[in-house]
Amino acid sequence: MKKQKEDKICVYIVSRNYGKFLKKSIGSVLAQTFKHWQLYLINDGSTDSTLKIYNNFKKKNKKKITVLNFKKSIGLQKLSNHVLKNIKTEYILRLDADDWLHECALELMFNEIKKNKNNGLVYSGYYYTNIYGKIIGVENNFDLIKNDNVPPHGACCLISVKDLIAVGGYSTEFKAQDGWDLWFKLKNKVKYKCIRLPLFYYRKHGYSLSDNYKKILKERSKIFKKNQNTYKKKNLDILAIIPVKSNYIKKKDVPFIKYKSKKLIDISIDMVDKSKKINHSIISTSDHKLINYLKQKKKISNKFQILKRSPKLNSGISRIEDVMLDSCNFFKKNKKKNPDIVVFINIHTVVKNKGHLDQVLDTLVSSGKLSTFSVIKQSDPLFVLKRKNFFCINKGRFDNLEYNNELTYRYDNSIFAFWFEALKTKSIFEKSISFKENSRDNVINIL
């Protein structure tokens with residue numbers, strides 16, 4: 001490799017009580033085949049051996065290592081911006097304190113990003129390890145560049161410093177999921193490149209932020225909301241359809257079943273009414289009792305219309321597209337146009353967080369996909385029956401880990417949204433699908 005006159009890459013490691021992992025992490029930087037780097041070791045208010053370990057490495061590598069000590073924790077994003085403002089290298093890479101690099105990682109990433117002046121970020125695959133550092137799997141996330149649902153891993157991406165500064169650095173209002181934030185900020189401004197090799201080791205253990213699942217979903221939703229501006233560019237006609245079948249074999253008068261003293265139909269109406277995105281809604285039913293109830297309901301807003309549909313459209317989930325088309329035809333007859341986006345609302349499933357509906361819509365527009373489903377991660381084994389043979393197609397938690405490209409999800413039975421064109425061309429369930437992940441305790445299935 002051609003010799004460089006100055007350091008080109010800043011690697012930084014932030015530790016908050018991760019001292020027991022630091023020797024492996026720091027050692028992997030020192031062992032790099034690419035030598036033109038500066039290493040920033042940052043103590044984020046640790047009470048363990050973090051600072052002592054940092055200072056021991058600093059004594060042996062005074063020219064290459066800078067130690068920053070913060071007695072009180074100020075958070076990863078603020079620390080990342082602090083490093084970003086003070087370094088003089090062309091590129092920056094964050095290495096998590098409990099992970100470590102392959103010895104060729106920096107050299108391969110540097111060579112790749114230098115191939116084109118428009119390259120702003122390089123990412124790679126990675127190994128999964130258990131808490132003891134034993135390899136338990138590999139993540140070959142090579143197609144992430146084509147997929148808005150799963151951006152590159154937040155750490156161990158080589159990023160252009162000038163491009164990162166140009167988009168405002170790290171957003172400090174988010175407490176996690178910085179990879180998602182960077183994805184939205186940079187994806188349309190720079191070229192992404194992937195090295196089709198695993199170049200770092202990602203340690204899976206109970207102390208990891210990625211295991212704090214509720215926090216992840218909450219922060220991810222905030223990021224979607226901040227970066228989603230399509231609604232401001234165009235006044236979209238967004239139609240929510242609430243199809244209601246009242247009687248089932250084991251359940252009668254389903255819309256009047258109560259959850260926490262409130263009828264299911266009223267819960268759905270309330271969720272749609274409080275949506276900041278939806279401007280039209282149709283309640284489609286053939287139940288006379290429900291129609292009379294809705295007509296007498298005083299608090300229902302003007303955005304709702306009642307469609308008395310044919311009993312022929314009550315045959316179950318296999319006819320759901322026909323029910324939605326029937327509602328869209330009703331909308332066009334009244335509004336003289338088709339809706340831009342259609343949302344299906346299932347009254348049988350209560351979504352506790354009413355804002356989840358708007359998040360599904362944000363995801364649909366941000367992703368550029370034809371449809372978006374509210375889903376739950378499926379951690380249990382998944383099976384399929386084919387030609388009388390029973391197969392396990394995903395071992396779930398029995399694999400003792402979760403790979404991004406091998407996760408399975410199930411529709412949580414609550415909400416899905418789609419562009420009207422997807423319904424018209426019968427492509428709701430085709431390849432162009434995105435998802436908004438929901439937490440299990442946010443949904444209650446009544447039927």
# chains A, B, ... in the order shown; residues from 1 in each chain; ligands from 1
$ select_by_dssp --residues "stretch 52-151 of chain A" --states "helix (DSSP H, G or I)" --output "PyMOL selection string"
chain A and resi 52-60+76-86+105-113+144-146
$ residues_around --residues "A:Asp273" --least-positions-apart "4" --cutoff "9 Å" --atoms "only C-alpha atoms" --output "JSON, numbers by chain"
{"A": [268, 269, 278, 279, 281, 300, 301, 303, 304]}
$ residues_around --residues "A:Lys295" --least-positions-apart "4" --cutoff "12 Å" --atoms "only C-alpha atoms" --output "PyMOL selection string"
chain A and resi 283+288-291+299-302+304-307
$ closest_residue --among "A:Glu107, A:Phe391, A:Lys297, A:Ser275" --to "A:Val360" --atoms "only C-alpha atoms"
A:Ser275
$ closest_residue --among "A:Lys35, A:Lys251, A:Arg16, A:Lys88" --to "A:Lys72" --atoms "only C-alpha atoms"
A:Arg16
$ residues_around --residues "A:Tyr12" --least-positions-apart "4" --cutoff "9 Å" --atoms "only C-alpha atoms" --output "JSON, numbers by chain"
{"A": [38, 39, 40, 41, 42, 80, 83, 92, 93, 94, 95, 96]}
$ closest_residue --among "A:Leu182, A:Trp37, A:Lys388, A:Val244" --to "A:Lys63" --atoms "only C-alpha atoms"
A:Trp37
$ select_by_dssp --residues "stretch 295-435 of chain A" --states "strand (DSSP E)" --output "ChimeraX atom specification"
/A:304-308,341-345,349-351,371-378,382-386,389-394,408-419,433-435
$ residues_around --residues "stretch 196-203 of chain A" --least-positions-apart "6" --cutoff "9 Å" --atoms "only C-alpha atoms" --output "VMD selection string"
chain A and resid 96 98 to 106 108 123 to 135 138 to 142 156
$ atom_distance --atom1 "atom CA of A:Tyr411" --atom2 "atom CA of A:Ile446"
15.0 Å
$ residues_around --residues "A:Tyr192" --least-positions-apart "2" --cutoff "7 Å" --atoms "only C-alpha atoms" --output "PyMOL selection string"
chain A and resi 119-122+145+190+194
$ write_last_selection --atoms "C-alpha atoms" --output "PDB file, in the first residue's frame"
ATOM      1  CA  ASN A 119     -17.890   7.763  -1.780  1.00  0.00           C
ATOM      2  CA  GLY A 120     -19.021   8.871   1.656  1.00  0.00           C
ATOM      3  CA  LEU A 121     -19.506   5.652   3.595  1.00  0.00           C
ATOM      4  CA  VAL A 122     -18.195   2.095   3.484  1.00  0.00           C
ATOM      5  CA  ILE A 145     -27.523  -0.522   0.311  1.00  0.00           C
ATOM      6  CA  VAL A 190     -23.136  10.367  -0.898  1.00  0.00           C
ATOM      7  CA  CYS A 194     -20.010  -2.375   0.713  1.00  0.00           C
TER       8      CYS A 194
END
